[in-house]
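**Q** Just passing along the structure, written as structure tokens.
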Amino acid sequence: MPFSIRNYREEDFKILLAIDQSCFAAGIAYSAFELKSYINRRGSFTFVAESSEDDKRVNCGTSIIGFIVGEQTRGTGHIITIDVRAEARRHRVGSALLELAEKQLRLWKSKIVRLETAVDNISALSFYKRHGYHVIKTIPRYYSSGVDALLLEKNLLSPPASR
Ligand SMILES: CC(C)(COP(=O)(O)OP(=O)(O)OC[C@H]1O[C@@H](n2cnc3c(N)ncnc32)[C@H](O)[C@@H]1OP(=O)(O)O)[C@@H](O)C(=O)NCCC(=O)NCCS
């Protein structure tokens, strides 16, 4: 699946919100207010993946197939969310978004990057493990649904893992 990645534009917001709400259950998905505040937060960045195929049928009227929101605070990188539309998964869109976010954080001199994911999100755990993340601790009842999160971390100074 050919795709490209670009910086977020304000007119993307509604689509990103719809993708987030389709990717996560209630209690884990962000509200419009939350997502907007993360995207606009000082020290954050948002990258958007767009399909290069002009197939709006597959893409439900939009060419946007995924996005990532990250930030750096006090020298530590943080992935706030990464969402790929269900129809576009396992085509390395998530990997390209995550690798670009890590590149941005390295440019900003982050030494480590952290993120949280639900303990039962097996596909995300497998995805992050593939990208060199490891579990630091469990955060009880992290999500408003009551589900625990795992805090994962990656050392950005280590050479990239070979595939
Ligand atoms: C997690 C997510 C971002 C992965 O995006 P993706 O574009 O499908 O991932 P990639 O195609 O780049 O996958 C790279 C590797 O990660 C692993 N992986 C990805 N999805 C997986 C799954 N469902 N099951 C097992 N391993 C998986 C595999 O090792 C995969 O390589 P392979 O396809 O060669 O086996 C996507 O599944 C998603 O948006 N999920 C819903 C939202 C979410 O859970 N976000 C993360 C929590 S914050």
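Residue numbering restarts at 1 for every chain of the structure tokens, chains are lettered A, B, ... in their displayed order, and ligands are numbered from 1 as they appear.
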Identify, counting only C-alpha atoms and all ligand atoms, the protein, DNA and RNA residues located within 8 Å of ligand 1, and give them as a PyMOL selection string.

**A** chain A and resi 20+23-24+66+79-86+88-96+115-118+121-131

**Q** Would you mind telling me which residue in A:Val135, A:Ala149, A:Ile28, A:Ile5 lies nearest to A:Leu98 when using only C-alpha atoms?

**A**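 Looking at the shortest contact to A:Leu98, the residue is A:Ile5.
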
**Q** Neighbouring residues of A:Gln104 were defined as those with any atom within 12 Å, considering only C-alpha atoms; residues of the same chain fewer than 5 positions away were excluded. Please report them as an mmCIF file with C-alpha atoms, in the first residue's frame.

**A**
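Now in out_3.cif:
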```
data_model
loop_
_atom_site.group_PDB
_atom_site.id
_atom_site.type_symbol
_atom_site.label_atom_id
_atom_site.label_comp_id
_atom_site.auth_asym_id
_atom_site.auth_seq_id
_atom_site.Cartn_x
_atom_site.Cartn_y
_atom_site.Cartn_z
ATOM 1 C CA ASN A 7 2.779 17.265 9.054
ATOM 2 C CA GLY A 43 6.508 20.617 22.504
ATOM 3 C CA SER A 44 4.230 18.212 20.643
ATOM 4 C CA PHE A 45 4.156 17.079 17.019
ATOM 5 C CA THR A 46 1.582 15.267 14.893
ATOM 6 C CA PHE A 47 2.343 13.370 11.704
ATOM 7 C CA ILE A 68 0.848 9.767 15.514
ATOM 8 C CA VAL A 69 0.995 12.396 18.243
ATOM 9 C CA GLY A 70 4.191 12.718 20.276
ATOM 10 C CA GLU A 71 5.862 15.232 22.514
ATOM 11 C CA GLN A 72 9.014 15.961 24.394
ATOM 12 C CA GLY A 77 10.040 11.713 24.508
ATOM 13 C CA HIS A 78 6.452 10.538 24.852
ATOM 14 C CA ILE A 79 4.194 8.915 22.284
ATOM 15 C CA LEU A 97 4.881 6.836 11.739
ATOM 16 C CA LEU A 98 6.682 5.560 14.840
ATOM 17 C CA GLU A 99 10.104 5.688 13.162
ATOM 18 C CA LYS A 109 17.931 15.252 21.759
ATOM 19 C CA SER A 110 15.550 12.966 23.678
ATOM 20 C CA LYS A 111 17.479 10.038 25.119
ATOM 21 C CA VAL A 113 10.856 7.647 24.692
ATOM 22 C CA LEU A 156 16.779 6.261 21.603
#
```

**Q** Please provide the set of residues having any atom within 10 Å of A:Ala29, restricted to only C-alpha atoms, with same-chain residues fewer than 3 positions apart removed, written as a JSON list (two decimals) with N, CA and C atoms, in the first residue's frame.

**A**
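Here's the written file around-v1.json:
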```json
[["chain", "number", "residue", "atom", "x", "y", "z"],
["A", 17, "LEU", "N", -9.88, 12.52, 14.78],
["A", 17, "LEU", "CA", -10.74, 12.18, 15.91],
["A", 17, "LEU", "C", -11.57, 10.93, 15.59],
["A", 18, "ALA", "N", -12.10, 10.88, 14.37],
["A", 18, "ALA", "CA", -12.91, 9.70, 13.98],
["A", 18, "ALA", "C", -12.04, 8.45, 13.96],
["A", 19, "ILE", "N", -10.81, 8.58, 13.47],
["A", 19, "ILE", "CA", -9.91, 7.41, 13.45],
["A", 19, "ILE", "C", -9.61, 6.98, 14.88],
["A", 20, "ASP", "N", -9.33, 7.93, 15.77],
["A", 20, "ASP", "CA", -9.01, 7.57, 17.16],
["A", 20, "ASP", "C", -10.20, 6.85, 17.80],
["A", 21, "GLN", "N", -11.41, 7.37, 17.54],
["A", 21, "GLN", "CA", -12.57, 6.76, 18.18],
["A", 21, "GLN", "C", -12.89, 5.39, 17.59],
["A", 22, "SER", "N", -12.46, 5.16, 16.32],
["A", 22, "SER", "CA", -12.67, 3.82, 15.75],
["A", 22, "SER", "C", -11.56, 2.86, 16.20],
["A", 23, "CYS", "N", -10.41, 3.37, 16.62],
["A", 23, "CYS", "CA", -9.29, 2.52, 17.01],
["A", 23, "CYS", "C", -9.39, 2.06, 18.47],
["A", 24, "PHE", "N", -10.05, 2.85, 19.31],
["A", 24, "PHE", "CA", -10.05, 2.56, 20.75],
["A", 24, "PHE", "C", -11.46, 2.49, 21.29],
["A", 25, "ALA", "N", -11.62, 1.66, 22.33],
["A", 25, "ALA", "CA", -12.91, 1.53, 23.00],
["A", 25, "ALA", "C", -13.20, 2.80, 23.79],
["A", 26, "ALA", "N", -14.50, 2.99, 24.11],
["A", 26, "ALA", "CA", -14.88, 4.11, 24.98],
["A", 26, "ALA", "C", -14.11, 3.97, 26.29],
["A", 32, "ALA", "N", -12.85, 14.96, 21.80],
["A", 32, "ALA", "CA", -12.34, 16.00, 20.89],
["A", 32, "ALA", "C", -11.47, 16.98, 21.68],
["A", 34, "GLU", "N", -9.71, 16.48, 24.45],
["A", 34, "GLU", "CA", -8.41, 15.89, 24.82],
["A", 34, "GLU", "C", -7.48, 15.83, 23.61],
["A", 35, "LEU", "N", -8.00, 15.30, 22.49],
["A", 35, "LEU", "CA", -7.13, 15.14, 21.32],
["A", 35, "LEU", "C", -6.61, 16.50, 20.84],
["A", 81, "THR", "N", -0.29, 9.10, 21.18],
["A", 81, "THR", "CA", -1.13, 8.08, 20.54],
["A", 81, "THR", "C", -0.61, 7.78, 19.15],
["A", 143, "TYR", "N", -6.72, 4.02, 32.60],
["A", 143, "TYR", "CA", -7.78, 4.52, 31.70],
["A", 143, "TYR", "C", -9.08, 4.72, 32.48],
["A", 144, "SER", "N", -9.92, 5.66, 31.95],
["A", 144, "SER", "CA", -11.16, 5.95, 32.69],
["A", 144, "SER", "C", -12.09, 4.74, 32.71]]
```

**Q** Using DSSP on the backbone coordinates, identify the residues of stretch 98-149 of chain A assigned to strand (DSSP E or B); present them as a ChimeraX atom specification.

**A** /A:112-118,134-139,149

**Q** Return as number ranges by chain the full set of residues in stretch 50-160 of chain A whose backbone-based DSSP assignment is alpha helix (DSSP H).

**A** A: 93-107, 122-130

**Q** Using only C-alpha atoms, which of the listed residues (A:Val119, A:Ile136, A:Leu105, A:Leu16) sits closest to A:Gly75?

**A** A:Leu105
